[in-house]
Amino acid sequence: MYYFLRLNRSVDERLGNLYRQGKVVGGLYSSLGQEGISVATAYALEKQDVLGPMIRNLGATLVRGFKPRDLFCQYMARSSGPSGGRDCNLHFGDLNRGVMACISMLGALIPVMAGIALSSTLRGEDRVALTYIGDGGTRVGDFHEGLNFAAVKDLPLVVIVENNQFAYSTPVTSQMKNTRISDFAQAYGIFGTTIDGNDVLEVYNTTRAAVARARQGAGPALIECNTFRMRGHAEHDDAKYVPPELLEFWKKKDPILRFERYLFNNGIMTQAEQQTIIDRITRELDADVAFAESSPLPVPAPCGTALPGVYAD
């Protein structure tokens with residue numbers, strides 16, 4: 001788990017460098033400070049379960065088997081990327097890995113994942129669906145319609161709310177009167193809880209328990225993970241609207257540093273083992289960035305690769 005947390009952050013940093021070099025096509029959405037949620041929730045799933053990541057859940061895709069070179073190629077619109085250069089950032093999926101492609105419209109994945117959970121239930125399959133939403137995304141209709149449908153049907157769906165305190169530049173207190181988002185669970189008659197999203201083990205254990213409940217037929221769950229977005233909405237946003245003291249407060253709650261202390265204090269990881277992991281990640285990312293930069297761009301239609309796969313072949 002520590003490897004994936006570190007890998008998540010290092011990939012994010014490399015992508016930031018590529019963006020500033022003008023090599024990233026489109027926007028770049030950092031997950032700095034939120035890695036614990038993506039990695040721990042994905043770790044709580046079984047192989048047969050289905051994951052629906054959003055644009056900041058880079059770590060979840062890594063846990064599910066995508067490689068850093070896939071992400072570098074995707075962001076640089078290379079033909080070797082998961083979408084073959086047709087789209088950018090995390091707009092890709094692979095059902096063989098149990099990953100549903102991200103949908104830009106916030107909340108839109110929740111009805112989709114509820115549909116996957118319904119399909120699995122009708123087929124008698126041992127499968128749980130898990131997806132994410134931000135604090136701002138809980139304001140849209142798809143969130144409520146999908147959650148209510150899952151509740152009525154007792155579907156095996158787990159919804160993770162990444163409450164990172166800002167919907168773009170709008171703070172939570174300006175979005176809603178009741179800022180405890182997990183209270184929606186009570187309204188829909190399902191399990192809900194609010195946890196520390198920067199405590200990796202709390203996120204893992206809470207998600208693992210919710211997944212087990214859903215698998216046993218106890219219905220959906222809504223888990224609110226309180227965290228903080230340590231960058232702007234995207235790389236082009238300097239986040240001047242965030243009070244400096246708020247950034248300093250959350251910097252002390254860094255999920256990776258907290259998990260490191262836990263591993264060191266409990267004798268689970270040594271300094272030498274940590275360095276081995278860091279060195280491994282550096283080697284892997286050096287090779288994967290070089291691979292992506294040397295990969296070709298997609299060839300335009302009509303003689304190229306742009307059209308196949310857009311519709312069913």
# chains A, B, ... in the order shown; residues from 1 in each chain; ligands from 1
>>> select_by_dssp(residues="range 105-223 of chain A", states="strand (DSSP E)", output="PyMOL selection string")
chain A and resi 129-134+157-163+166-167+170-171+191-196+221-223
>>> residues_around(residues="Thr179 in chain A", least_positions_apart="5", cutoff="12 Å", atoms="only C-alpha atoms", output="JSON, numbers by chain")
{"A": [135, 136, 138, 139, 163, 164, 165, 166, 171, 172, 173, 174, 184, 194, 224, 226]}
>>> residues_around(residues="Tyr241 in chain A", least_positions_apart="3", cutoff="12 Å", atoms="only C-alpha atoms", output="ChimeraX atom specification")
/A:166-171,231-233,237-238,244-247
>>> write_last_selection(atoms="C-alpha atoms", output="short mmCIF file (atom, residue, chain, number, x, y, z; two decimals), in the first residue's frame")
data_model
loop_
_atom_site.label_atom_id
_atom_site.label_comp_id
_atom_site.auth_asym_id
_atom_site.auth_seq_id
_atom_site.Cartn_x
_atom_site.Cartn_y
_atom_site.Cartn_z
CA PHE A 166 -13.71 23.23 -2.23
CA ALA A 167 -15.86 22.77 -5.33
CA TYR A 168 -13.44 24.56 -7.64
CA SER A 169 -13.25 27.85 -5.68
CA THR A 170 -16.46 27.49 -3.64
CA PRO A 171 -15.92 26.36 -0.01
CA ARG A 231 -3.48 22.22 -5.42
CA GLY A 232 -5.91 24.34 -7.37
CA HIS A 233 -8.84 22.80 -9.21
CA ASP A 237 -5.62 27.37 -11.18
CA ASP A 238 -3.29 29.07 -8.68
CA PRO A 244 -2.64 30.14 3.49
CA GLU A 245 -3.30 29.04 7.07
CA LEU A 246 -5.74 26.41 5.79
CA LEU A 247 -3.07 24.96 3.52
#
>>> atom_distance(atom1="CA of Leu7 in chain A", atom2="CA of Thr41 in chain A")
15.7 Å
>>> residues_around(residues="range 214-217 of chain A", least_positions_apart="5", cutoff="7 Å", atoms="only C-alpha atoms", output="PyMOL selection string")
chain A and resi 126-128+154+156-157
>>> write_last_selection(atoms="N, CA and C atoms", output="CSV table (one decimal), in the first residue's frame")
chain,number,residue,atom,x,y,z
A,126,ASP,N,-21.1,-12.3,-7.6
A,126,ASP,CA,-20.4,-11.8,-6.3
A,126,ASP,C,-19.6,-10.6,-6.7
A,127,ARG,N,-20.3,-9.4,-6.8
A,127,ARG,CA,-19.6,-8.2,-7.3
A,127,ARG,C,-20.1,-7.0,-6.6
A,128,VAL,N,-19.2,-6.1,-6.2
A,128,VAL,CA,-19.6,-4.8,-5.6
A,128,VAL,C,-19.1,-3.7,-6.5
A,154,ASP,N,-31.5,-2.1,-2.8
A,154,ASP,CA,-30.5,-2.7,-1.9
A,154,ASP,C,-29.3,-3.2,-2.7
A,156,PRO,N,-25.4,-3.5,-4.2
A,156,PRO,CA,-24.1,-3.5,-3.7
A,156,PRO,C,-23.2,-2.4,-4.3
A,157,LEU,N,-23.5,-1.2,-3.8
A,157,LEU,CA,-22.8,0.0,-4.3
A,157,LEU,C,-22.2,0.8,-3.1
>>> closest_residue(among="A:Gly36, A:Gly59, A:Pro82, A:Gly22", to="Lys253 in chain A", atoms="only C-alpha atoms")
A:Gly36
>>> atom_distance(atom1="CA of Glu202 in chain A", atom2="CA of Thr270 in chain A")
22.2 Å
>>> atom_distance(atom1="CA of Phe72 in chain A", atom2="CA of Tyr311 in chain A")
24.6 Å
